[in-house]
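Novice: So that you have it, the file is coords-v1.txt, and it contains compact mmCIF, C-alpha atoms (C1' of nucleotides):
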# COMPACT_ATOMS: atom_id res chain seq x y z
CA MET A 1 172.68 -22.70 31.01
CA THR A 2 176.09 -22.77 29.43
CA GLU A 3 178.78 -20.47 30.69
CA LEU A 4 178.25 -18.14 27.73
CA GLU A 5 174.52 -18.02 28.39
CA GLU A 6 175.20 -17.18 32.03
CA TYR A 7 177.36 -14.29 30.92
CA LEU A 8 174.86 -13.04 28.36
CA HIS A 9 172.17 -13.31 30.99
CA SER A 10 174.13 -10.90 33.19
CA TYR A 11 173.89 -8.29 30.44
CA PHE A 12 170.60 -8.98 28.73
CA ASP A 13 167.15 -9.53 30.06
CA PHE A 14 166.27 -12.53 27.84
CA ASP A 15 164.44 -15.74 28.53
CA ARG A 16 166.18 -19.11 28.13
CA THR A 17 165.09 -19.57 24.55
CA ASP A 18 166.41 -16.20 23.48
CA LEU A 19 169.62 -16.73 25.40
CA ALA A 20 170.18 -20.04 23.66
CA THR A 21 169.45 -18.46 20.29
CA VAL A 22 171.86 -15.61 20.83
CA ALA A 23 174.52 -17.89 22.28
CA SER A 24 174.31 -20.21 19.29
CA PHE A 25 175.75 -17.49 17.06
CA PHE A 26 178.87 -17.07 19.15
CA LYS A 27 181.84 -19.29 18.31
CA PRO A 28 184.87 -19.90 20.51
CA GLU A 29 188.06 -18.20 19.42
CA ILE A 30 191.55 -17.98 20.93
CA VAL A 31 193.90 -15.03 20.64
CA ARG A 32 197.41 -15.78 21.89
CA LYS A 33 199.36 -13.31 23.96
CA GLY A 34 200.75 -10.61 21.69
CA GLU A 35 198.50 -11.42 18.76
CA PHE A 36 196.08 -8.84 17.38
CA TYR A 37 192.33 -9.19 17.57
CA LEU A 38 192.02 -6.11 15.36
CA LYS A 39 194.28 -3.58 13.67
CA THR A 40 193.68 0.10 13.02
CA GLY A 41 192.32 0.72 9.55
CA LYS A 42 190.81 -2.74 9.03
CA PRO A 43 187.07 -3.28 9.11
CA CYS A 44 185.92 -4.78 12.39
CA ASN A 45 183.43 -7.41 11.41
CA LYS A 46 182.93 -9.09 14.75
CA LEU A 47 181.91 -8.63 18.34
CA SER A 48 183.36 -10.79 21.10
CA PHE A 49 182.83 -11.66 24.66
CA ILE A 50 185.94 -12.27 26.77
CA GLN A 51 185.75 -15.61 28.53
CA SER A 52 189.27 -15.37 29.93
CA GLY A 53 192.37 -13.30 29.34
CA MET A 54 192.75 -9.63 28.48
CA LEU A 55 192.77 -7.34 25.48
CA ARG A 56 194.32 -3.91 25.21
CA ILE A 57 192.73 -1.25 23.00
CA PHE A 58 195.29 1.26 21.80
CA VAL A 59 196.33 3.70 19.11
CA ASP A 60 199.74 4.10 17.51
CA LEU A 61 200.89 7.70 17.36
CA GLU A 62 204.14 8.74 15.71
CA ASP A 63 206.11 8.80 18.91
CA ARG A 64 204.15 6.61 21.31
CA GLU A 65 201.20 4.35 21.92
CA VAL A 66 198.08 5.51 23.72
CA THR A 67 196.06 2.85 25.52
CA GLN A 68 192.37 3.65 25.39
CA TRP A 69 191.17 0.79 27.56
CA ILE A 70 191.90 -2.73 28.73
CA SER A 71 189.08 -5.22 28.61
CA THR A 72 189.01 -8.35 30.72
CA LYS A 73 187.00 -11.46 31.48
CA GLY A 74 183.29 -10.81 31.41
CA TYR A 75 183.31 -7.81 29.08
CA PHE A 76 182.53 -7.40 25.40
CA ILE A 77 185.02 -6.14 22.90
CA THR A 78 184.74 -4.64 19.42
CA ASP A 79 185.35 -1.39 17.56
CA LEU A 80 181.82 -0.05 17.65
CA SER A 81 182.19 2.62 15.00
CA SER A 82 183.60 0.04 12.63
CA LEU A 83 181.12 -2.70 13.48
CA VAL A 84 178.04 -0.52 13.32
CA PHE A 85 178.96 2.11 10.74
CA GLU A 86 181.32 -0.03 8.67
CA LYS A 87 184.15 2.44 8.96
CA PRO A 88 187.84 1.52 9.22
CA SER A 89 188.73 0.63 12.81
CA ARG A 90 190.21 3.36 14.88
CA TRP A 91 191.75 1.02 17.45
CA ASN A 92 194.33 -1.70 17.62
CA ILE A 93 193.21 -4.50 19.89
CA GLN A 94 195.93 -6.85 21.12
CA ALA A 95 195.97 -9.72 23.61
CA LEU A 96 197.95 -9.03 26.78
CA ALA A 97 197.64 -12.72 27.69
CA ASP A 98 196.27 -15.81 26.01
CA THR A 99 192.63 -14.89 25.62
CA ALA A 100 189.55 -17.03 25.05
CA LEU A 101 186.64 -15.35 23.32
CA TYR A 102 183.16 -16.11 22.12
CA THR A 103 182.77 -14.31 18.84
CA ILE A 104 179.81 -13.44 16.67
CA ASP A 105 180.56 -12.24 13.17
CA LYS A 106 178.96 -9.15 11.75
CA ARG A 107 176.70 -11.04 9.38
CA ASP A 108 175.08 -12.93 12.23
CA TYR A 109 175.16 -9.90 14.50
CA ASP A 110 173.18 -7.93 11.92
CA ARG A 111 170.56 -10.68 11.81
CA LEU A 112 169.98 -11.04 15.54
CA GLY A 113 166.92 -8.82 15.29
CA ASP A 114 165.34 -11.32 12.89
CA PHE A 115 165.46 -14.05 15.51
CA ILE A 116 164.95 -12.08 18.66
CA PRO A 117 162.33 -9.38 18.34
CA LYS A 118 163.49 -7.44 21.33
CA TRP A 119 167.13 -7.44 20.27
CA PRO A 120 167.14 -3.85 18.92
CA VAL A 121 165.71 -2.49 22.16
CA THR A 122 168.08 -4.56 24.25
CA GLU A 123 171.02 -3.52 22.17
CA LYS A 124 170.02 0.11 22.49
CA LEU A 125 169.98 -0.23 26.27
CA PHE A 126 173.36 -1.86 26.21
CA ILE A 127 174.94 0.86 24.10
CA ALA A 128 173.24 3.54 26.19
CA HIS A 129 174.85 1.97 29.23
CA CYS A 130 178.24 2.15 27.55
CA PHE A 131 177.59 5.79 26.68
CA VAL A 132 176.83 6.66 30.28
CA THR A 133 180.03 4.94 31.41
CA LEU A 134 182.02 7.04 28.97
CA GLU A 135 180.30 10.21 30.16
CA ASP A 136 181.62 9.40 33.61
CA ARG A 137 185.05 8.85 32.22
CA VAL A 138 185.07 12.21 30.46
CA PHE A 139 183.89 13.79 33.67
CA SER A 140 186.79 12.21 35.55
CA PHE A 141 189.22 14.04 33.26
CA LEU A 142 187.39 17.32 33.76
CA SER A 143 187.16 17.13 37.51
CA MET A 144 189.78 14.87 39.05
CA THR A 145 193.52 14.85 39.73
CA ALA A 146 195.76 12.01 38.60
CA GLU A 147 195.63 10.51 42.08
CA GLN A 148 191.85 10.64 42.21
CA ARG A 149 191.54 9.00 38.81
CA TYR A 150 193.96 6.32 39.91
CA ASN A 151 191.98 5.60 43.06
CA LEU A 152 188.70 5.48 41.17
CA LEU A 153 189.99 2.96 38.68
CA PHE A 154 191.68 0.94 41.40
CA GLU A 155 188.48 0.67 43.39
CA SER A 156 186.27 -0.22 40.46
CA TYR A 157 188.60 -2.47 38.52
CA ARG A 158 191.04 -3.94 41.02
CA ASP A 159 191.63 -7.05 38.88
CA LEU A 160 193.65 -5.10 36.38
CA PHE A 161 196.32 -4.05 38.80
CA ASN A 162 197.71 -7.50 39.42
CA GLN A 163 197.73 -8.62 35.86
CA VAL A 164 198.53 -5.70 33.60
CA PRO A 165 201.82 -3.84 33.07
CA LEU A 166 201.60 -0.51 34.84
CA GLN A 167 202.54 1.48 31.75
CA TYR A 168 199.26 0.52 30.07
CA ILE A 169 197.17 1.40 33.08
CA ALA A 170 199.02 4.71 33.29
CA SER A 171 198.29 5.45 29.66
CA MET A 172 194.58 4.75 29.94
CA LEU A 173 194.45 7.05 32.96
CA GLY A 174 196.24 9.79 31.05
CA MET A 175 199.42 9.79 33.14
CA THR A 176 202.90 8.25 33.17
CA PRO A 177 204.02 5.04 34.90
CA GLU A 178 206.30 7.13 37.13
CA THR A 179 203.30 9.07 38.37
CA ILE A 180 201.49 5.87 39.33
CA SER A 181 204.60 4.66 41.10
CA ARG A 182 204.70 7.83 43.15
CA ILE A 183 201.01 7.73 43.95
CA ARG A 184 201.47 4.20 45.23
CA ARG A 185 204.42 5.04 47.41
CA LYS A 186 202.60 8.01 48.86
CA GLN A 187 199.65 5.81 49.74
CA LEU A 188 201.79 3.29 51.65
CA SER A 189 202.36 5.85 54.37
CA MET B 190 158.56 19.66 5.71
CA THR B 191 158.44 21.72 8.85
CA GLU B 192 161.63 23.03 10.35
CA LEU B 193 161.54 20.31 13.01
CA GLU B 194 161.08 17.63 10.38
CA GLU B 195 164.05 19.02 8.46
CA TYR B 196 166.15 18.77 11.56
CA LEU B 197 164.97 15.26 12.38
CA HIS B 198 165.63 14.28 8.80
CA SER B 199 169.26 15.32 9.21
CA TYR B 200 169.60 12.76 12.00
CA PHE B 201 167.26 9.97 11.05
CA ASP B 202 166.75 8.09 7.85
CA PHE B 203 162.93 8.19 7.89
CA ASP B 204 160.38 8.73 5.14
CA ARG B 205 158.00 11.70 5.25
CA THR B 206 155.27 9.79 7.02
CA ASP B 207 157.56 8.63 9.80
CA LEU B 208 159.08 12.10 10.10
CA ALA B 209 155.65 13.63 10.51
CA THR B 210 154.72 11.00 13.09
CA VAL B 211 157.84 11.57 15.15
CA ALA B 212 157.59 15.33 14.85
CA SER B 213 154.00 15.30 16.06
CA PHE B 214 155.14 14.16 19.49
CA PHE B 215 157.47 17.10 19.97
CA LYS B 216 156.00 20.24 21.54
CA PRO B 217 157.59 23.69 21.51
CA GLU B 218 159.06 24.85 24.79
CA ILE B 219 160.99 27.96 25.82
CA VAL B 220 163.68 28.12 28.49
CA ARG B 221 164.71 31.67 29.38
CA LYS B 222 168.32 32.60 29.93
CA GLY B 223 169.43 31.44 33.34
CA GLU B 224 166.52 29.06 33.85
CA PHE B 225 167.10 25.35 34.35
CA TYR B 226 165.98 22.71 31.88
CA LEU B 227 167.00 20.07 34.41
CA LYS B 228 168.53 19.84 37.86
CA THR B 229 170.83 17.21 39.31
CA GLY B 230 168.92 14.59 41.25
CA LYS B 231 165.58 15.05 39.49
CA PRO B 232 164.26 12.49 37.03
CA CYS B 233 164.75 13.60 33.44
CA ASN B 234 161.49 12.71 31.73
CA LYS B 235 162.05 14.42 28.41
CA LEU B 236 164.24 14.71 25.37
CA SER B 237 164.57 17.95 23.46
CA PHE B 238 165.85 19.31 20.24
CA ILE B 239 167.39 22.78 20.33
CA GLN B 240 165.82 25.05 17.75
CA SER B 241 167.69 28.12 18.90
CA GLY B 242 169.71 29.18 21.90
CA MET B 243 172.15 27.24 24.05
CA LEU B 244 172.16 24.96 27.06
CA ARG B 245 175.03 24.24 29.40
CA ILE B 246 175.39 20.82 31.03
CA PHE B 247 177.27 21.03 34.30
CA VAL B 248 177.85 19.57 37.73
CA ASP B 249 178.10 21.42 41.03
CA LEU B 250 181.07 20.37 43.11
CA GLU B 251 181.73 21.72 46.59
CA ASP B 252 184.14 24.39 45.45
CA ARG B 253 183.35 24.90 41.76
CA GLU B 254 181.22 24.01 38.79
CA VAL B 255 182.37 21.65 36.06
CA THR B 256 180.88 22.14 32.61
CA GLN B 257 180.50 18.83 30.82
CA TRP B 258 179.25 20.19 27.52
CA ILE B 259 177.39 23.03 25.84
CA SER B 260 174.70 22.13 23.37
CA THR B 261 173.49 24.52 20.69
CA LYS B 262 171.03 24.89 17.84
CA GLY B 263 170.57 21.67 15.94
CA TYR B 264 171.51 19.26 18.72
CA PHE B 265 169.50 17.09 21.06
CA ILE B 266 169.62 17.43 24.80
CA THR B 267 168.68 15.16 27.69
CA ASP B 268 170.24 13.26 30.56
CA LEU B 269 170.43 9.88 28.91
CA SER B 270 171.03 7.79 32.02
CA SER B 271 168.01 9.37 33.63
CA LEU B 272 165.76 9.20 30.57
CA VAL B 273 166.58 5.63 29.66
CA PHE B 274 167.33 4.02 33.02
CA GLU B 275 165.08 6.20 35.13
CA LYS B 276 167.85 7.19 37.48
CA PRO B 277 168.22 10.60 39.12
CA SER B 278 169.86 13.06 36.73
CA ARG B 279 173.56 13.52 37.07
CA TRP B 280 173.66 16.86 35.29
CA ASN B 281 172.31 20.34 35.71
CA ILE B 282 171.18 21.78 32.41
CA GLN B 283 170.77 25.55 32.27
CA ALA B 284 170.03 27.99 29.46
CA LEU B 285 172.91 30.32 28.57
CA ALA B 286 170.52 32.34 26.41
CA ASP B 287 166.82 32.31 25.72
CA THR B 288 166.37 28.88 24.18
CA ALA B 289 163.62 27.43 21.99
CA LEU B 290 163.17 23.68 22.15
CA TYR B 291 161.01 20.97 20.70
CA THR B 292 160.39 18.54 23.50
CA ILE B 293 159.04 15.02 23.63
CA ASP B 294 158.10 13.69 27.03
CA LYS B 295 159.24 10.31 28.23
CA ARG B 296 155.83 8.71 27.94
CA ASP B 297 155.66 9.49 24.23
CA TYR B 298 159.34 8.77 23.74
CA ASP B 299 158.85 5.29 25.15
CA ARG B 300 156.00 4.67 22.69
CA LEU B 301 157.78 5.77 19.51
CA GLY B 302 158.56 2.16 18.70
CA ASP B 303 154.83 1.40 18.59
CA PHE B 304 154.30 3.87 15.78
CA ILE B 305 157.55 3.59 13.90
CA PRO B 306 158.79 0.04 13.56
CA LYS B 307 162.33 1.00 12.79
CA TRP B 308 162.60 3.41 15.70
CA PRO B 309 164.56 1.04 17.97
CA VAL B 310 167.15 0.38 15.28
CA THR B 311 167.40 4.06 14.41
CA GLU B 312 167.71 5.02 18.01
CA LYS B 313 170.43 2.45 18.52
CA LEU B 314 172.38 3.96 15.64
CA PHE B 315 171.95 7.41 17.08
CA ILE B 316 173.19 6.42 20.52
CA ALA B 317 176.05 4.45 18.97
CA HIS B 318 177.03 7.62 17.15
CA CYS B 319 177.04 9.54 20.43
CA PHE B 320 179.15 6.81 21.99
CA VAL B 321 181.75 7.06 19.25
CA THR B 322 181.90 10.83 19.68
CA LEU B 323 182.59 10.39 23.37
CA GLU B 324 185.29 7.82 22.65
CA ASP B 325 187.02 10.50 20.63
CA ARG B 326 186.64 12.93 23.44
CA VAL B 327 188.21 10.53 25.95
CA PHE B 328 191.00 9.96 23.49
CA SER B 329 191.62 13.70 23.25
CA PHE B 330 192.31 13.79 26.99
CA LEU B 331 194.67 10.84 26.74
CA SER B 332 196.65 12.10 23.80
CA MET B 333 196.47 15.87 23.38
CA THR B 334 197.79 19.01 25.06
CA ALA B 335 195.51 21.84 26.18
CA GLU B 336 196.33 23.78 23.03
CA GLN B 337 195.55 20.83 20.76
CA ARG B 338 192.22 20.23 22.48
CA TYR B 339 191.39 23.90 22.15
CA ASN B 340 192.17 23.89 18.44
CA LEU B 341 190.17 20.74 17.85
CA LEU B 342 187.10 22.18 19.52
CA PHE B 343 187.54 25.51 17.80
CA GLU B 344 187.68 23.90 14.38
CA SER B 345 184.72 21.65 14.90
CA TYR B 346 182.44 23.93 16.88
CA ARG B 347 183.39 27.49 15.97
CA ASP B 348 179.89 28.80 16.80
CA LEU B 349 180.47 28.43 20.48
CA PHE B 350 183.37 30.81 20.67
CA ASN B 351 181.44 33.95 19.86
CA GLN B 352 178.49 33.24 22.03
CA VAL B 353 179.63 31.49 25.16
CA PRO B 354 181.58 32.82 28.16
CA LEU B 355 185.11 31.55 27.91
CA GLN B 356 185.10 30.10 31.39
CA TYR B 357 182.55 27.48 30.36
CA ILE B 358 184.45 26.49 27.27
CA ALA B 359 187.59 26.23 29.37
CA SER B 360 185.86 23.98 31.85
CA MET B 361 184.54 21.60 29.22
CA LEU B 362 188.04 21.37 27.76
CA GLY B 363 189.50 20.62 31.20
CA MET B 364 191.54 23.82 31.52
CA THR B 365 191.28 27.31 33.02
CA PRO B 366 190.09 30.48 31.26
CA GLU B 367 193.57 31.94 31.69
CA THR B 368 195.02 29.07 29.71
CA ILE B 369 192.63 29.71 26.83
CA SER B 370 193.49 33.40 26.94
CA ARG B 371 197.18 32.57 26.60
CA ILE B 372 196.62 30.07 23.82
CA ARG B 373 194.74 32.74 21.89
CA ARG B 374 197.39 35.38 22.34
CA LYS B 375 200.06 32.94 21.26
CA GLN B 376 198.10 32.14 18.12
CA LEU B 377 197.79 35.79 17.09
CA SER B 378 201.49 35.88 16.30
C1' DT C 379 175.46 58.12 29.44
C1' DT C 380 177.23 56.35 33.42
C1' DG C 381 177.94 53.39 36.93
C1' DA C 382 177.88 48.41 38.06
C1' DT C 383 178.75 43.72 36.74
C1' DT C 384 180.66 40.38 34.43
C1' DT C 385 184.15 38.65 31.38
C1' DC C 386 188.72 38.63 29.53
C1' DT C 387 193.66 39.53 29.61
C1' DT C 388 198.10 39.81 31.57
C1' DG C 389 201.86 39.20 34.73
C1' DA C 390 204.08 36.83 38.68
C1' DT C 391 204.45 32.83 40.94
C1' DC C 392 203.63 28.02 42.06
C1' DT C 393 202.92 23.01 41.53
C1' DA C 394 201.26 18.58 39.64
C1' DG C 395 202.90 15.78 36.87
C1' DG C 396 206.25 14.95 32.93
C1' DT C 397 210.96 13.72 31.36
C1' DC C 398 215.31 11.68 31.70
C1' DA C 399 218.51 8.63 33.67
C1' DA C 400 220.03 5.19 36.75
C1' DG C 401 219.23 1.42 39.62
C1' DT C 402 216.49 -2.70 41.37
C1' DA C 403 213.63 -6.61 41.32
C1' DG C 404 211.12 -10.37 39.30
C1' DG C 405 210.52 -13.75 35.68
C1' DT C 406 211.90 -16.68 32.10
C1' DT C 407 215.08 -19.21 29.13
C1' DG C 408 219.18 -21.70 27.93
C1' DC D 409 221.99 -20.70 38.09
C1' DA D 410 223.55 -17.26 35.24
C1' DA D 411 222.25 -14.03 31.83
C1' DC D 412 218.65 -11.48 30.10
C1' DC D 413 214.47 -9.39 29.66
C1' DT D 414 210.87 -6.55 31.14
C1' DA D 415 208.58 -4.11 34.61
C1' DC D 416 208.91 -1.10 38.45
C1' DT D 417 210.95 2.47 41.49
C1' DT D 418 213.49 6.44 42.67
C1' DG D 419 215.84 10.84 42.27
C1' DA D 420 216.91 15.22 39.90
C1' DC D 421 215.20 18.35 37.12
C1' DC D 422 211.83 20.63 34.04
C1' DT D 423 207.54 22.50 32.09
C1' DA D 424 202.58 22.91 30.99
C1' DG D 425 199.20 24.69 32.99
C1' DA D 426 197.11 26.29 37.61
C1' DT D 427 196.55 29.90 40.91
C1' DC D 428 196.36 34.51 42.52
C1' DA D 429 195.91 39.32 41.84
C1' DA D 430 195.25 43.36 39.28
C1' DG D 431 193.61 45.78 35.28
C1' DA D 432 191.14 46.40 30.95
C1' DA D 433 187.13 45.57 28.11
C1' DA D 434 182.80 44.42 27.30
C1' DT D 435 177.92 44.12 28.64
C1' DC D 436 174.05 45.49 31.06
C1' DA D 437 170.93 48.31 33.78
C1' DA D 438 168.67 52.56 34.65
Take the structure from the file and write it as structure tokens.

Specialist:
Amino acid sequence: MTELEEYLHSYFDFDRTDLATVASFFKPEIVRKGEFYLKTGKPCNKLSFIQSGMLRIFVDLEDREVTQWISTKGYFITDLSSLVFEKPSRWNIQALADTALYTIDKRDYDRLGDFIPKWPVTEKLFIAHCFVTLEDRVFSFLSMTAEQRYNLLFESYRDLFNQVPLQYIASMLGMTPETISRIRRKQLS
Amino acid sequence: MTELEEYLHSYFDFDRTDLATVASFFKPEIVRKGEFYLKTGKPCNKLSFIQSGMLRIFVDLEDREVTQWISTKGYFITDLSSLVFEKPSRWNIQALADTALYTIDKRDYDRLGDFIPKWPVTEKLFIAHCFVTLEDRVFSFLSMTAEQRYNLLFESYRDLFNQVPLQYIASMLGMTPETISRIRRKQLS
DNA sequence: TTGATTTCTTGATCTAGGTCAAGTAGGTTG
DNA sequence: CAACCTACTTGACCTAGATCAAGAAATCAA
């Protein structure tokens, strides 16, 4: 299997033929550090898999930016509401480092079901999984302190903390960089 | 069309035949005020549509309850991670008032695709829609004050505020009942 | 109708986390 | 190897919202 097929295999329960078919629609793409994969308001007509690098999903408010999430190696990236419902994108998506992607464009994405009969079911399961993850995230805001949310993210996504400016991690946790700094110091002792 | 078909029609782009087919799998069910539709840890083997009444989705922590959401007339209810992935339920779901449901059990739910070819695609769209809604909810915690979150919910879900104890609404907004009380008073003037 | 419960409001006080400002430490570029 | 960014830390102070406690209104039960 190619590297991309290996990755797809980790998400989708397909046989080799299906994997090869799906993989054949994905084309390599590079987004340089600082460049935008997507801008708010534009249609998002693609779905990508991150082979290396990192992308930050954020929104521009009048007085500040809010980082919704940072996606790294081994995860998919898109603006789902734009891709699926053809609405203007709600998110900016920008590379935090040189990033290598495999990208499928919307036209091909919409035809996957024609080639792979169980694609719609598989896709449903995938999106359901994403939904459940977000439910947990909402719950973390309802039930946890800043420090608890920090610890949870740190344990489940340790990679981020070496590579990403703290301010972005703070924003996606709903706190300030100073707060993270203080949590860290506290935890040294 | 029956009432249930009307409701389904508002969610799903099906013709009359498909609507009737789907509807035929749903059976009426009553949950009395205070009774549980689902308890944490049990498998959730059903999906329901709320015809009247209200259900509260919550988690028991050691020292308090956290309300994740309250679902009312015209919405679906289930524990998706349990229904789809056959895991133990994460949520308690309890009736806040006598509640009339139309319920499909998991066995039938899993067979809908056999009767309605476009079910998997439709279901995907439905879950994608739920995902996008949750993205917005996460974003509200990252970017809004308590008062802004309160106003947003109030505008989009006014029904709740007459019928539901304030403490539950407060919990699902991630604040205390006292805070809501003060926001209200402030907004009188 | 009346007592009993539950919910909601209000005030007093407290605290987690925000804001502002200054300093420090790594990287990177000429 | 400066000079310059940019990221990170720290301290002083502030504030949104929590907590605690006491009443006031509803709601319910009989």

Novice: Sort by chain and increasing residue number a table of all residues of chain A within 8 Å of chain C, each with its closest pair of atoms and their distance in Å to one decimal, counting only C-alpha atoms (C1' of nucleotides), and write it as JSON lines.

Specialist:
{"residue": "A:Met175", "atom": "CA", "partner": "C:DG395", "partner_atom": "C1'", "distance": 7.9}
{"residue": "A:Thr176", "atom": "CA", "partner": "C:DG396", "partner_atom": "C1'", "distance": 7.5}
{"residue": "A:Thr179", "atom": "CA", "partner": "C:DG395", "partner_atom": "C1'", "distance": 6.9}

Novice: Could you give me, as a Markdown table, every chain B residue with an atom at most 9 Å from chain A, plus its closest atom pair and distance in Å to one decimal, counting all atoms listed in the file, rows ordered by chain then number?

Specialist:
| residue | atom | partner | partner_atom | distance |
| --- | --- | --- | --- | --- |
| B:Leu250 | CA | A:Ser143 | CA | 8.9 |
| B:Val255 | CA | A:Ser143 | CA | 6.7 |
| B:Thr256 | CA | A:Leu142 | CA | 8.2 |
| B:Gln257 | CA | A:Phe139 | CA | 6.7 |
| B:Leu269 | CA | A:Val132 | CA | 7.3 |
| B:Ser270 | CA | A:Val132 | CA | 6.2 |
| B:Val273 | CA | A:Leu125 | CA | 7.6 |
| B:Phe274 | CA | A:Leu125 | CA | 8.4 |
| B:Pro309 | CA | A:Val121 | CA | 5.6 |
| B:Val310 | CA | A:Pro120 | CA | 5.6 |
| B:Glu312 | CA | A:Lys124 | CA | 7.0 |
| B:Lys313 | CA | A:Lys124 | CA | 4.6 |
| B:Leu314 | CA | A:Val84 | CA | 7.6 |
| B:Ile316 | CA | A:Ala128 | CA | 6.4 |
| B:Ala317 | CA | A:Ile127 | CA | 6.4 |
| B:His318 | CA | A:Ser81 | CA | 7.5 |
| B:Cys319 | CA | A:Phe131 | CA | 7.3 |
| B:Phe320 | CA | A:Phe131 | CA | 5.0 |
| B:Val321 | CA | A:Ser81 | CA | 6.2 |
| B:Leu323 | CA | A:Leu134 | CA | 6.6 |
| B:Glu324 | CA | A:Leu134 | CA | 7.2 |
| B:Arg326 | CA | A:Val138 | CA | 7.2 |
| B:Val327 | CA | A:Val138 | CA | 5.7 |
| B:Phe328 | CA | A:Gln68 | CA | 6.7 |
| B:Phe330 | CA | A:Gly174 | CA | 6.9 |
| B:Leu331 | CA | A:Gly174 | CA | 4.7 |
| B:Ser332 | CA | A:Val66 | CA | 6.7 |
| B:Ser360 | CA | A:Leu142 | CA | 7.1 |
| B:Met361 | CA | A:Leu142 | CA | 6.9 |
| B:Leu362 | CA | A:Leu142 | CA | 7.3 |
| B:Gly363 | CA | A:Leu142 | CA | 4.7 |
| B:Met364 | CA | A:Leu142 | CA | 8.0 |

Novice: Residues of chain D within 9 Å of chain B, counting all atoms listed in the file - could you list those as a ChimeraX atom specification?

Specialist: /D:424-426

Novice: Put those residues in a file: C-alpha atoms (C1' of nucleotides), as a compact mmCIF listing (two decimals), in the coordinates of the input.

Specialist:
# COMPACT_ATOMS: atom_id res chain seq x y z
C1' DA D 424 202.58 22.91 30.99
C1' DG D 425 199.20 24.69 32.99
C1' DA D 426 197.11 26.29 37.61

Novice: Return the single residue from D:DC428, D:DA415, D:DC436, D:DA420 that is closest to Gln163 of chain A, with distances computed using all atoms listed in the file.

Specialist: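 Of D:DC428, D:DA415, D:DC436, D:DA420, the one nearest Gln163 of chain A, counting all atoms listed in the file, is D:DA415.
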
Novice: What is the distance between atom CA of Pro117 of chain A and atom CA of Phe26 of chain A, in Å to one decimal?

Specialist: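 If I compute the distance from atom CA of Pro117 of chain A to atom CA of Phe26 of chain A, I get 18.3 Å.
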